Amino acid sequence: MIRLIAMPRMTSKIIDIQRWDARLFRNPSTDGAQRKCSAHGKESCNRPAVAYVALSDARTERKEWGACDQWLATNEDAVAYLAAHPLA
């Protein structure tokens with residue numbers, strides 16, 4: 001069962017979501033590359049990352065996250081991105 005977690009809307013823009021693959025991460029020591037959900041943060045989520053997510057924001061051109069299935073299904077921005085760009 002998926003438990004909804006209230007999250008504010010993202011200020012970042014999703015530029016890519018792919019099925020999780022450690023080789024996609026530029027920095028192999030990040031939580032996402034270690035298959036930890038960095039979308040929720042390791043303090044609040046113990047689900048494994050199932051997707052690679054690349055974001056851009058005002059401070060960073062490309063930031064990489066690992067995202068769990070719950071985040072992909074409940075984050076408004078992720079749901080909208082995946083509706084337009086389904087995972088293969």
# chains A, B, ... in the order shown; residues from 1 in each chain; ligands from 1

call {"tool": "select_by_dssp", "arguments": {"residues": "stretch 2-87 of chain A", "states": "helix (DSSP H, G or I)", "output": "MDAnalysis selection string"}}
result
chainID A and resid 22:24 32:34 69:74 76:84

call {"tool": "residues_around", "arguments": {"residues": "A:Asp77", "least_positions_apart": "5", "cutoff": "10 Å", "atoms": "only C-alpha atoms", "output": "VMD selection string"}}
result
chain A and resid 9 to 14 71 to 72 82 to 83

call {"tool": "write_last_selection", "arguments": {"atoms": "N, CA, C and O atoms", "output": "short mmCIF file (atom, residue, chain, number, x, y, z; two decimals), in the first residue's frame"}}
result
data_model
loop_
_atom_site.label_atom_id
_atom_site.label_comp_id
_atom_site.auth_asym_id
_atom_site.auth_seq_id
_atom_site.Cartn_x
_atom_site.Cartn_y
_atom_site.Cartn_z
N ARG A 9 5.18 21.66 -3.84
CA ARG A 9 5.53 21.59 -5.26
C ARG A 9 7.01 21.89 -5.42
O ARG A 9 7.60 22.66 -4.69
N MET A 10 7.60 21.25 -6.40
CA MET A 10 9.02 21.43 -6.66
C MET A 10 9.29 22.79 -7.28
O MET A 10 8.49 23.29 -8.07
N THR A 11 10.41 23.39 -6.93
CA THR A 11 10.84 24.60 -7.61
C THR A 11 11.79 24.24 -8.74
O THR A 11 12.07 25.06 -9.60
N SER A 12 12.26 23.01 -8.75
CA SER A 12 13.12 22.50 -9.82
C SER A 12 12.26 22.03 -10.98
O SER A 12 11.08 21.74 -10.82
N LYS A 13 12.89 21.89 -12.14
CA LYS A 13 12.21 21.37 -13.32
C LYS A 13 12.80 19.99 -13.63
O LYS A 13 14.01 19.82 -13.69
N ILE A 14 11.93 19.01 -13.82
CA ILE A 14 12.38 17.67 -14.20
C ILE A 14 12.81 17.73 -15.66
O ILE A 14 12.04 18.16 -16.52
N TRP A 71 7.30 8.06 -4.85
CA TRP A 71 7.52 9.44 -5.30
C TRP A 71 7.07 9.59 -6.74
O TRP A 71 6.41 10.57 -7.09
N LEU A 72 7.39 8.62 -7.59
CA LEU A 72 6.98 8.69 -8.99
C LEU A 72 5.46 8.72 -9.14
O LEU A 72 4.93 9.36 -10.05
N LEU A 82 5.83 11.95 -16.43
CA LEU A 82 5.68 10.57 -16.90
C LEU A 82 4.47 10.40 -17.81
O LEU A 82 4.48 9.52 -18.69
N ALA A 83 3.46 11.22 -17.64
CA ALA A 83 2.31 11.17 -18.55
C ALA A 83 2.73 11.57 -19.97
O ALA A 83 2.27 11.01 -20.96
#

call {"tool": "atom_distance", "arguments": {"atom1": "atom CA of A:Arg23", "atom2": "atom CA of A:Ser44"}}
result
25.1 Å

call {"tool": "select_by_dssp", "arguments": {"residues": "stretch 8-87 of chain A", "states": "strand (DSSP E or B)", "output": "list in words"}}
result
Lys13, Ile14, Ile15, Asp16, Ile17, Gln18, Arg19, Lys36, Pro48, Ala51, Tyr52, Val53, Ala54, Leu55, Ser56, Lys63, Glu64, Trp65, Gly66 and Ala67 of chain A

call {"tool": "closest_residue", "arguments": {"among": "A:Asp69, A:Asp57, A:Glu64, A:Asp16", "to": "A:Asp31", "atoms": "only C-alpha atoms"}}
result
A:Glu64

call {"tool": "atom_distance", "arguments": {"atom1": "atom CA of A:Ser38", "atom2": "atom CA of A:Gly66"}}
result
5.2 Å

call {"tool": "closest_residue", "arguments": {"among": "A:Ala33, A:Thr60, A:Glu43, A:Ala51", "to": "A:Ala73", "atoms": "only C-alpha atoms"}}
result
A:Ala51

call {"tool": "atom_distance", "arguments": {"atom1": "atom CA of A:Cys68", "atom2": "atom CA of A:Cys45"}}
result
8.4 Å

call {"tool": "closest_residue", "arguments": {"among": "A:Ile17, A:Val79, A:Val50, A:Leu87", "to": "A:Lys63", "atoms": "only C-alpha atoms"}}
result
A:Ile17
